[in-house]
file data_10.pdb (PDB, C-alpha atoms and all ligand atoms)
ATOM      1  CA  MET A 267      19.913  38.922 -37.185  1.00  0.00           C
ATOM      2  CA  MET A 268      19.905  35.759 -35.108  1.00  0.00           C
ATOM      3  CA  ASN A 269      20.471  32.463 -36.916  1.00  0.00           C
ATOM      4  CA  ILE A 270      18.856  29.382 -35.417  1.00  0.00           C
ATOM      5  CA  ALA A 271      19.157  25.708 -36.436  1.00  0.00           C
ATOM      6  CA  PHE A 272      16.485  23.057 -35.819  1.00  0.00           C
ATOM      7  CA  ILE A 273      17.417  19.385 -35.888  1.00  0.00           C
ATOM      8  CA  ALA A 274      15.482  16.443 -34.469  1.00  0.00           C
ATOM      9  CA  HIS A 275      15.781  12.711 -34.718  1.00  0.00           C
ATOM     10  CA  ASP A 276      12.683  10.815 -35.825  1.00  0.00           C
ATOM     11  CA  ARG A 277      11.245  10.036 -32.401  1.00  0.00           C
ATOM     12  CA  LYS A 278      11.737  13.709 -31.432  1.00  0.00           C
ATOM     13  CA  LYS A 279      10.135  15.232 -34.511  1.00  0.00           C
ATOM     14  CA  GLU A 280       6.769  15.687 -32.820  1.00  0.00           C
ATOM     15  CA  ASP A 281       8.477  17.472 -29.915  1.00  0.00           C
ATOM     16  CA  ILE A 282      10.328  19.901 -32.156  1.00  0.00           C
ATOM     17  CA  VAL A 283       7.156  20.647 -34.135  1.00  0.00           C
ATOM     18  CA  ASN A 284       5.329  21.410 -30.891  1.00  0.00           C
ATOM     19  CA  LEU A 285       8.217  23.608 -29.778  1.00  0.00           C
ATOM     20  CA  ALA A 286       8.101  25.527 -33.067  1.00  0.00           C
ATOM     21  CA  ILE A 287       4.332  26.003 -32.736  1.00  0.00           C
ATOM     22  CA  ALA A 288       4.581  27.164 -29.125  1.00  0.00           C
ATOM     23  CA  TYR A 289       7.376  29.661 -29.813  1.00  0.00           C
ATOM     24  CA  GLU A 290       6.500  30.633 -33.377  1.00  0.00           C
ATOM     25  CA  HIS A 291       6.298  34.273 -32.249  1.00  0.00           C
ATOM     26  CA  VAL A 292       9.933  34.115 -31.101  1.00  0.00           C
ATOM     27  CA  PHE A 293      11.204  32.408 -34.272  1.00  0.00           C
ATOM     28  CA  MET A 294       9.205  34.534 -36.711  1.00  0.00           C
ATOM     29  CA  ASP A 295      11.803  37.279 -37.154  1.00  0.00           C
ATOM     30  CA  LYS A 296      14.904  35.055 -37.006  1.00  0.00           C
ATOM     31  CA  LYS A 297      16.824  33.349 -39.801  1.00  0.00           C
ATOM     32  CA  LEU A 298      16.003  29.658 -39.540  1.00  0.00           C
ATOM     33  CA  TYR A 299      17.869  26.603 -40.776  1.00  0.00           C
ATOM     34  CA  SER A 300      17.233  22.883 -40.396  1.00  0.00           C
ATOM     35  CA  THR A 301      18.074  19.424 -41.568  1.00  0.00           C
ATOM     36  CA  GLY A 302      15.797  18.179 -44.349  1.00  0.00           C
ATOM     37  CA  THR A 303      12.965  16.286 -42.731  1.00  0.00           C
ATOM     38  CA  THR A 304      12.876  18.329 -39.532  1.00  0.00           C
ATOM     39  CA  GLY A 305      12.388  21.547 -41.501  1.00  0.00           C
ATOM     40  CA  ALA A 306       9.710  20.017 -43.707  1.00  0.00           C
ATOM     41  CA  ARG A 307       7.769  18.856 -40.646  1.00  0.00           C
ATOM     42  CA  ILE A 308       7.992  22.269 -38.937  1.00  0.00           C
ATOM     43  CA  MET A 309       6.920  24.136 -42.071  1.00  0.00           C
ATOM     44  CA  GLU A 310       3.888  21.844 -42.468  1.00  0.00           C
ATOM     45  CA  SER A 311       2.630  22.936 -39.061  1.00  0.00           C
ATOM     46  CA  THR A 312       3.687  26.608 -38.800  1.00  0.00           C
ATOM     47  CA  ASN A 313       4.087  29.680 -40.987  1.00  0.00           C
ATOM     48  CA  LEU A 314       7.836  29.685 -40.374  1.00  0.00           C
ATOM     49  CA  ASN A 315      10.168  29.898 -43.341  1.00  0.00           C
ATOM     50  CA  ILE A 316      13.159  27.587 -42.918  1.00  0.00           C
ATOM     51  CA  HIS A 317      16.194  27.041 -45.093  1.00  0.00           C
ATOM     52  CA  ARG A 318      16.405  23.243 -45.262  1.00  0.00           C
ATOM     53  CA  PHE A 319      19.694  21.443 -45.713  1.00  0.00           C
ATOM     54  CA  LEU A 320      20.062  17.746 -46.562  1.00  0.00           C
ATOM     55  CA  SER A 321      18.565  15.116 -44.309  1.00  0.00           C
ATOM     56  CA  GLY A 322      20.826  14.337 -41.357  1.00  0.00           C
ATOM     57  CA  PRO A 323      22.021  10.888 -42.463  1.00  0.00           C
ATOM     58  CA  LEU A 324      22.865  12.322 -45.920  1.00  0.00           C
ATOM     59  CA  GLY A 325      25.023  15.184 -44.616  1.00  0.00           C
ATOM     60  CA  GLY A 326      22.627  17.749 -43.135  1.00  0.00           C
ATOM     61  CA  ASP A 327      24.330  17.758 -39.743  1.00  0.00           C
ATOM     62  CA  GLN A 328      27.623  18.492 -41.453  1.00  0.00           C
ATOM     63  CA  GLN A 329      26.112  21.346 -43.467  1.00  0.00           C
ATOM     64  CA  ILE A 330      24.869  22.960 -40.266  1.00  0.00           C
ATOM     65  CA  GLY A 331      28.268  22.227 -38.722  1.00  0.00           C
ATOM     66  CA  ALA A 332      29.872  24.242 -41.517  1.00  0.00           C
ATOM     67  CA  LEU A 333      27.800  27.312 -40.562  1.00  0.00           C
ATOM     68  CA  ILE A 334      28.807  26.847 -36.928  1.00  0.00           C
ATOM     69  CA  ALA A 335      32.470  26.678 -37.971  1.00  0.00           C
ATOM     70  CA  GLN A 336      32.032  29.981 -39.840  1.00  0.00           C
ATOM     71  CA  ASN A 337      30.405  31.484 -36.716  1.00  0.00           C
ATOM     72  CA  GLU A 338      27.124  31.948 -38.561  1.00  0.00           C
ATOM     73  CA  MET A 339      24.892  30.151 -36.058  1.00  0.00           C
ATOM     74  CA  ASP A 340      23.648  31.706 -32.811  1.00  0.00           C
ATOM     75  CA  LEU A 341      21.538  28.895 -31.377  1.00  0.00           C
ATOM     76  CA  VAL A 342      21.240  25.186 -32.142  1.00  0.00           C
ATOM     77  CA  ILE A 343      18.210  23.179 -31.079  1.00  0.00           C
ATOM     78  CA  PHE A 344      19.089  19.554 -31.631  1.00  0.00           C
ATOM     79  CA  LEU A 345      16.573  17.166 -30.114  1.00  0.00           C
ATOM     80  CA  ARG A 346      18.512  13.965 -30.419  1.00  0.00           C
ATOM     81  CA  ASP A 347      17.330  10.464 -29.615  1.00  0.00           C
ATOM     82  CA  PRO A 348      19.488   9.103 -26.794  1.00  0.00           C
ATOM     83  CA  LEU A 349      17.883   5.658 -26.983  1.00  0.00           C
ATOM     84  CA  MET A 350      18.462   4.749 -30.603  1.00  0.00           C
ATOM     85  CA  ALA A 351      21.686   4.276 -32.532  1.00  0.00           C
ATOM     86  CA  GLN A 352      21.992   6.505 -35.608  1.00  0.00           C
ATOM     87  CA  PRO A 353      23.892   5.507 -38.766  1.00  0.00           C
ATOM     88  CA  HIS A 354      25.490   8.978 -38.860  1.00  0.00           C
ATOM     89  CA  GLU A 355      26.588   9.053 -35.216  1.00  0.00           C
ATOM     90  CA  PRO A 356      30.008  10.537 -36.142  1.00  0.00           C
ATOM     91  CA  ASP A 357      28.257  13.504 -37.794  1.00  0.00           C
ATOM     92  CA  ILE A 358      26.136  14.083 -34.691  1.00  0.00           C
ATOM     93  CA  THR A 359      29.196  14.023 -32.453  1.00  0.00           C
ATOM     94  CA  ALA A 360      30.992  16.392 -34.828  1.00  0.00           C
ATOM     95  CA  LEU A 361      28.118  18.881 -34.784  1.00  0.00           C
ATOM     96  CA  LEU A 362      27.946  18.956 -30.993  1.00  0.00           C
ATOM     97  CA  ARG A 363      31.716  19.225 -30.802  1.00  0.00           C
ATOM     98  CA  LEU A 364      31.729  22.266 -33.096  1.00  0.00           C
ATOM     99  CA  CYS A 365      29.141  23.951 -30.852  1.00  0.00           C
ATOM    100  CA  ASP A 366      31.600  23.556 -27.989  1.00  0.00           C
ATOM    101  CA  VAL A 367      34.581  24.641 -30.066  1.00  0.00           C
ATOM    102  CA  HIS A 368      32.828  27.870 -31.035  1.00  0.00           C
ATOM    103  CA  GLY A 369      30.854  28.436 -27.835  1.00  0.00           C
ATOM    104  CA  ILE A 370      27.441  28.166 -29.486  1.00  0.00           C
ATOM    105  CA  PRO A 371      24.429  27.626 -27.210  1.00  0.00           C
ATOM    106  CA  VAL A 372      23.008  24.179 -27.998  1.00  0.00           C
ATOM    107  CA  ALA A 373      19.950  22.438 -26.550  1.00  0.00           C
ATOM    108  CA  THR A 374      19.743  18.673 -26.864  1.00  0.00           C
ATOM    109  CA  ASN A 375      16.469  18.225 -24.982  1.00  0.00           C
ATOM    110  CA  MET A 376      13.139  20.013 -24.640  1.00  0.00           C
ATOM    111  CA  ALA A 377      13.795  21.400 -21.165  1.00  0.00           C
ATOM    112  CA  THR A 378      17.006  23.150 -22.212  1.00  0.00           C
ATOM    113  CA  ALA A 379      15.473  24.231 -25.502  1.00  0.00           C
ATOM    114  CA  GLU A 380      12.652  26.043 -23.705  1.00  0.00           C
ATOM    115  CA  ILE A 381      15.021  27.799 -21.336  1.00  0.00           C
ATOM    116  CA  LEU A 382      17.239  28.975 -24.198  1.00  0.00           C
ATOM    117  CA  ILE A 383      14.301  30.104 -26.338  1.00  0.00           C
ATOM    118  CA  ARG A 384      12.850  32.125 -23.453  1.00  0.00           C
ATOM    119  CA  ALA A 385      16.278  33.650 -22.839  1.00  0.00           C
ATOM    120  CA  LEU A 386      16.560  34.512 -26.526  1.00  0.00           C
ATOM    121  CA  ASP A 387      13.133  36.166 -26.414  1.00  0.00           C
ATOM    122  CA  ARG A 388      14.177  38.207 -23.381  1.00  0.00           C
ATOM    123  CA  GLY A 389      17.271  39.536 -25.172  1.00  0.00           C
ATOM    124  CA  ASP A 390      19.816  37.496 -23.229  1.00  0.00           C
ATOM    125  CA  PHE A 391      21.603  36.586 -26.479  1.00  0.00           C
ATOM    126  CA  ALA A 392      22.510  40.149 -27.365  1.00  0.00           C
ATOM    127  CA  TRP A 393      26.131  39.362 -26.511  1.00  0.00           C
ATOM    128  CA  ARG A 394      26.251  37.124 -29.595  1.00  0.00           C
ATOM    129  CA  GLU A 395      25.898  40.213 -31.760  1.00  0.00           C
ATOM    130  CA  LEU A 396      28.917  41.793 -30.058  1.00  0.00           C
ATOM    131  CA  VAL A 397      30.868  38.583 -30.685  1.00  0.00           C
ATOM    132  CA  GLU A 398      29.850  38.748 -34.338  1.00  0.00           C
ATOM    133  CA  GLN A 399      30.964  42.361 -34.746  1.00  0.00           C
ATOM    134  CA  ASN A 400      34.386  41.459 -33.369  1.00  0.00           C
ATOM    135  CA  LYS A 401      34.966  38.187 -35.160  1.00  0.00           C
ATOM    136  CA  PRO A 402      38.146  38.184 -37.211  1.00  0.00           C
ATOM    137  CA  GLY A 403      38.234  37.653 -40.954  1.00  0.00           C
ATOM    138  CA  LEU A 404      34.936  35.879 -41.549  1.00  0.00           C
ATOM    139  CA  ALA A 405      32.675  36.431 -44.536  1.00  0.00           C
TER     140      ALA A 405
HETATM  141  O1  LIG B 501      19.274  12.948 -38.557  1.00  0.00           O
HETATM  142  C1  LIG B 501      19.087  14.071 -38.191  1.00  0.00           C
HETATM  143  C2  LIG B 501      20.041  14.726 -37.277  1.00  0.00           C
HETATM  144  O2  LIG B 501      21.137  13.931 -36.916  1.00  0.00           O
HETATM  145  C3  LIG B 501      17.905  14.837 -38.630  1.00  0.00           C
HETATM  146  O3  LIG B 501      17.700  14.750 -40.023  1.00  0.00           O
HETATM  147  P1  LIG B 501      16.263  14.963 -40.635  1.00  0.00           P
HETATM  148  O4  LIG B 501      15.752  16.284 -40.123  1.00  0.00           O
HETATM  149  O5  LIG B 501      16.409  15.001 -42.113  1.00  0.00           O
HETATM  150  O6  LIG B 501      15.418  13.807 -40.157  1.00  0.00           O
END

call {"tool": "encode", "arguments": {"input": "data_10.pdb", "output": "structure tokens", "more": "lines below"}}
Ligand SMILES: O=C(CO)COP(=O)(O)O
result
Amino acid sequence: MMNIAFIAHDRKKEDIVNLAIAYEHVFMDKKLYSTGTTGARIMESTNLNIHRFLSGPLGGDQQIGALIAQNEMDLVIFLRDPLMAQPHEPDITALLRLCDVHGIPVATNMATAEILIRALDRGDFAWRELVEQNKPGLA
């Protein structure tokens, strides 16, 4: 089962909702996670069922980071706002760093997100399942 995380800063919320609507058929049979407000917005506009963590500024990025650290995330879609300072900038940096530490595909803009979602739909992420089978000592 593929685990996917959705995160979007406020001025990118509309984009991530539109992405979820457009690719609802791809996300339907995946396990979905999000930060608080992002997940609420997506669930208002789709039939997707999303496990929502705390809002980003209150620790949601870190909660998703914890799943990445445990190798329990297969794809992260994080539409961040590059033009506005965020109070929890260190958390954002930490989340993106953990994606790189663990080799997790992460999209930080719409163009990359679409490419990764189409690849996921085509089965290009099957290698993640092999990685999971071989991961050492994780719950
Ligand atoms: O701030 C965020 C990510 O850094 C997103 O949090 P919300 O989805 O709760 O707005």

call {"tool": "closest_residue", "arguments": {"input": "data_10.pdb", "among": "A:Arg394, A:Arg307, A:Arg346, A:Arg318", "to": "Leu361 in chain A", "atoms": "all atoms listed in the file"}}
result
A:Arg346

call {"tool": "resolve_selection", "arguments": {"input": "data_10.pdb", "expression": "the PyMOL selection byres (((not hetatm)) within 8 of (chain B and resi 501))", "output": "tab-separated table (two decimals) with C-alpha atoms, keeping the file's coordinate frame"}}
result
chain	number	residue	atom	x	y	z
A	273	ILE	CA	17.42	19.39	-35.89
A	274	ALA	CA	15.48	16.44	-34.47
A	275	HIS	CA	15.78	12.71	-34.72
A	276	ASP	CA	12.68	10.82	-35.83
A	279	LYS	CA	10.14	15.23	-34.51
A	300	SER	CA	17.23	22.88	-40.40
A	301	THR	CA	18.07	19.42	-41.57
A	302	GLY	CA	15.80	18.18	-44.35
A	303	THR	CA	12.96	16.29	-42.73
A	304	THR	CA	12.88	18.33	-39.53
A	305	GLY	CA	12.39	21.55	-41.50
A	306	ALA	CA	9.71	20.02	-43.71
A	320	LEU	CA	20.06	17.75	-46.56
A	321	SER	CA	18.57	15.12	-44.31
A	322	GLY	CA	20.83	14.34	-41.36
A	323	PRO	CA	22.02	10.89	-42.46
A	324	LEU	CA	22.86	12.32	-45.92
A	326	GLY	CA	22.63	17.75	-43.14
A	327	ASP	CA	24.33	17.76	-39.74
A	344	PHE	CA	19.09	19.55	-31.63
A	346	ARG	CA	18.51	13.96	-30.42
A	352	GLN	CA	21.99	6.50	-35.61
A	354	HIS	CA	25.49	8.98	-38.86
A	355	GLU	CA	26.59	9.05	-35.22
A	357	ASP	CA	28.26	13.50	-37.79
A	358	ILE	CA	26.14	14.08	-34.69

call {"tool": "atom_distance", "arguments": {"input": "data_10.pdb", "atom1": "CA of His368 in chain A", "atom2": "CA of Met350 in chain A"}}
result
27.2 Å

call {"tool": "atom_distance", "arguments": {"input": "data_10.pdb", "atom1": "CA of Val342 in chain A", "atom2": "CA of Leu364 in chain A"}}
result
10.9 Å

call {"tool": "atom_distance", "arguments": {"input": "data_10.pdb", "atom1": "CA of Glu398 in chain A", "atom2": "CA of Lys296 in chain A"}}
result
15.6 Å

call {"tool": "closest_residue", "arguments": {"input": "data_10.pdb", "among": "A:Ala271, A:Ala335, A:Leu345, A:Leu314", "to": "Ala377 in chain A", "atoms": "all atoms listed in the file"}}
result
A:Leu345

call {"tool": "closest_atom_pairs", "arguments": {"input": "data_10.pdb", "of": "range 352-374 of chain A", "to": "range 382-389 of chain A", "cutoff": "9 Å", "atoms": "all atoms listed in the file", "output": "JSON lines"}}
result
{"residue": "A:Pro371", "atom": "CA", "partner": "A:Leu382", "partner_atom": "CA", "distance": 7.9}
{"residue": "A:Val372", "atom": "CA", "partner": "A:Leu382", "partner_atom": "CA", "distance": 8.4}
{"residue": "A:Ala373", "atom": "CA", "partner": "A:Leu382", "partner_atom": "CA", "distance": 7.5}

call {"tool": "write_last_selection", "arguments": {"input": "data_10.pdb", "atoms": "C-alpha atoms", "output": "PDB file, in the frame of the given file"}}
result
ATOM      1  CA  PRO A 371      24.429  27.626 -27.210  1.00  0.00           C
ATOM      2  CA  VAL A 372      23.008  24.179 -27.998  1.00  0.00           C
ATOM      3  CA  ALA A 373      19.950  22.438 -26.550  1.00  0.00           C
TER       4      ALA A 373
END

call {"tool": "closest_residue", "arguments": {"input": "data_10.pdb", "among": "A:Asn284, A:Gln328, A:Asn337, A:Thr312", "to": "Asn269 in chain A", "atoms": "all atoms listed in the file"}}
result
A:Asn337

call {"tool": "resolve_selection", "arguments": {"input": "data_10.pdb", "expression": "the PyMOL selection byres (((chain A and resi 338) around 10) and not hetatm)", "output": "NGL selection string"}}
result
:A and (268-270 or 330-337 or 339-341 or 370 or 398 or 404-405)

call {"tool": "resolve_selection", "arguments": {"input": "data_10.pdb", "expression": "the PyMOL selection byres (((chain A and resi 287) around 12) and not hetatm)", "output": "list of chain:residue names"}}
result
A:Glu280, A:Asp281, A:Ile282, A:Val283, A:Asn284, A:Leu285, A:Ala286, A:Ala288, A:Tyr289, A:Glu290, A:His291, A:Val292, A:Phe293, A:Met294, A:Arg307, A:Ile308, A:Met309, A:Glu310, A:Ser311, A:Thr312, A:Asn313, A:Leu314

call {"tool": "decode", "arguments": {"input": "data_10.pdb", "residues": "range 370-394 of chain A", "atoms": "N, CA and C atoms", "output": "PDB file, in the first residue's frame"}}
result
ATOM      1  N   ILE A 370      13.070   9.801  -0.433  1.00  0.00           N
ATOM      2  CA  ILE A 370      11.624   9.801  -0.686  1.00  0.00           C
ATOM      3  C   ILE A 370      11.302  10.816  -1.787  1.00  0.00           C
ATOM      4  N   PRO A 371      10.575  10.400  -2.822  1.00  0.00           N
ATOM      5  CA  PRO A 371      10.185  11.353  -3.859  1.00  0.00           C
ATOM      6  C   PRO A 371       9.343  12.481  -3.254  1.00  0.00           C
ATOM      7  N   VAL A 372       9.743  13.723  -3.534  1.00  0.00           N
ATOM      8  CA  VAL A 372       9.016  14.871  -2.979  1.00  0.00           C
ATOM      9  C   VAL A 372       8.831  15.935  -4.058  1.00  0.00           C
ATOM     10  N   ALA A 373       7.598  16.404  -4.200  1.00  0.00           N
ATOM     11  CA  ALA A 373       7.293  17.463  -5.168  1.00  0.00           C
ATOM     12  C   ALA A 373       7.014  18.738  -4.409  1.00  0.00           C
ATOM     13  N   THR A 374       7.702  19.811  -4.765  1.00  0.00           N
ATOM     14  CA  THR A 374       7.446  21.082  -4.079  1.00  0.00           C
ATOM     15  C   THR A 374       6.742  22.084  -4.993  1.00  0.00           C
ATOM     16  N   ASN A 375       6.416  21.673  -6.209  1.00  0.00           N
ATOM     17  CA  ASN A 375       5.578  22.546  -7.051  1.00  0.00           C
ATOM     18  C   ASN A 375       4.654  21.684  -7.915  1.00  0.00           C
ATOM     19  N   MET A 376       3.674  22.333  -8.503  1.00  0.00           N
ATOM     20  CA  MET A 376       2.630  21.636  -9.261  1.00  0.00           C
ATOM     21  C   MET A 376       3.193  20.814 -10.411  1.00  0.00           C
ATOM     22  N   ALA A 377       4.175  21.369 -11.114  1.00  0.00           N
ATOM     23  CA  ALA A 377       4.699  20.682 -12.300  1.00  0.00           C
ATOM     24  C   ALA A 377       5.308  19.334 -11.911  1.00  0.00           C
ATOM     25  N   THR A 378       6.135  19.360 -10.858  1.00  0.00           N
ATOM     26  CA  THR A 378       6.748  18.108 -10.391  1.00  0.00           C
ATOM     27  C   THR A 378       5.693  17.176  -9.815  1.00  0.00           C
ATOM     28  N   ALA A 379       4.740  17.744  -9.099  1.00  0.00           N
ATOM     29  CA  ALA A 379       3.692  16.917  -8.498  1.00  0.00           C
ATOM     30  C   ALA A 379       2.968  16.128  -9.588  1.00  0.00           C
ATOM     31  N   GLU A 380       2.608  16.785 -10.668  1.00  0.00           N
ATOM     32  CA  GLU A 380       1.884  16.090 -11.742  1.00  0.00           C
ATOM     33  C   GLU A 380       2.721  14.973 -12.350  1.00  0.00           C
ATOM     34  N   ILE A 381       3.983  15.246 -12.569  1.00  0.00           N
ATOM     35  CA  ILE A 381       4.855  14.222 -13.154  1.00  0.00           C
ATOM     36  C   ILE A 381       4.950  13.010 -12.222  1.00  0.00           C
ATOM     37  N   LEU A 382       5.123  13.262 -10.929  1.00  0.00           N
ATOM     38  CA  LEU A 382       5.241  12.150  -9.984  1.00  0.00           C
ATOM     39  C   LEU A 382       3.929  11.374  -9.850  1.00  0.00           C
ATOM     40  N   ILE A 383       2.814  12.089  -9.856  1.00  0.00           N
ATOM     41  CA  ILE A 383       1.517  11.408  -9.719  1.00  0.00           C
ATOM     42  C   ILE A 383       1.254  10.531 -10.947  1.00  0.00           C
ATOM     43  N   ARG A 384       1.574  11.041 -12.124  1.00  0.00           N
ATOM     44  CA  ARG A 384       1.395  10.234 -13.341  1.00  0.00           C
ATOM     45  C   ARG A 384       2.312   9.021 -13.328  1.00  0.00           C
ATOM     46  N   ALA A 385       3.526   9.200 -12.812  1.00  0.00           N
ATOM     47  CA  ALA A 385       4.464   8.080 -12.713  1.00  0.00           C
ATOM     48  C   ALA A 385       3.935   7.038 -11.723  1.00  0.00           C
ATOM     49  N   LEU A 386       3.405   7.517 -10.623  1.00  0.00           N
ATOM     50  CA  LEU A 386       2.816   6.626  -9.617  1.00  0.00           C
ATOM     51  C   LEU A 386       1.689   5.811 -10.241  1.00  0.00           C
ATOM     52  N   ASP A 387       0.831   6.482 -11.004  1.00  0.00           N
ATOM     53  CA  ASP A 387      -0.311   5.832 -11.640  1.00  0.00           C
ATOM     54  C   ASP A 387       0.137   4.762 -12.633  1.00  0.00           C
ATOM     55  N   ARG A 388       1.274   4.996 -13.264  1.00  0.00           N
ATOM     56  CA  ARG A 388       1.797   4.093 -14.282  1.00  0.00           C
ATOM     57  C   ARG A 388       2.539   2.894 -13.673  1.00  0.00           C
ATOM     58  N   GLY A 389       2.756   2.948 -12.346  1.00  0.00           N
ATOM     59  CA  GLY A 389       3.439   1.838 -11.683  1.00  0.00           C
ATOM     60  C   GLY A 389       4.933   2.044 -11.514  1.00  0.00           C
ATOM     61  N   ASP A 390       5.401   3.253 -11.821  1.00  0.00           N
ATOM     62  CA  ASP A 390       6.844   3.515 -11.731  1.00  0.00           C
ATOM     63  C   ASP A 390       7.381   3.468 -10.301  1.00  0.00           C
ATOM     64  N   PHE A 391       6.475   3.466  -9.301  1.00  0.00           N
ATOM     65  CA  PHE A 391       6.938   3.490  -7.914  1.00  0.00           C
ATOM     66  C   PHE A 391       7.013   2.094  -7.307  1.00  0.00           C
ATOM     67  N   ALA A 392       6.853   1.083  -8.140  1.00  0.00           N
ATOM     68  CA  ALA A 392       6.837  -0.279  -7.607  1.00  0.00           C
ATOM     69  C   ALA A 392       8.118  -0.593  -6.840  1.00  0.00           C
ATOM     70  N   TRP A 393       9.211   0.022  -7.235  1.00  0.00           N
ATOM     71  CA  TRP A 393      10.486  -0.217  -6.541  1.00  0.00           C
ATOM     72  C   TRP A 393      10.402   0.150  -5.065  1.00  0.00           C
ATOM     73  N   ARG A 394       9.522   1.069  -4.695  1.00  0.00           N
ATOM     74  CA  ARG A 394       9.387   1.440  -3.287  1.00  0.00           C
ATOM     75  C   ARG A 394       8.954   0.242  -2.449  1.00  0.00           C
TER      76      ARG A 394
END
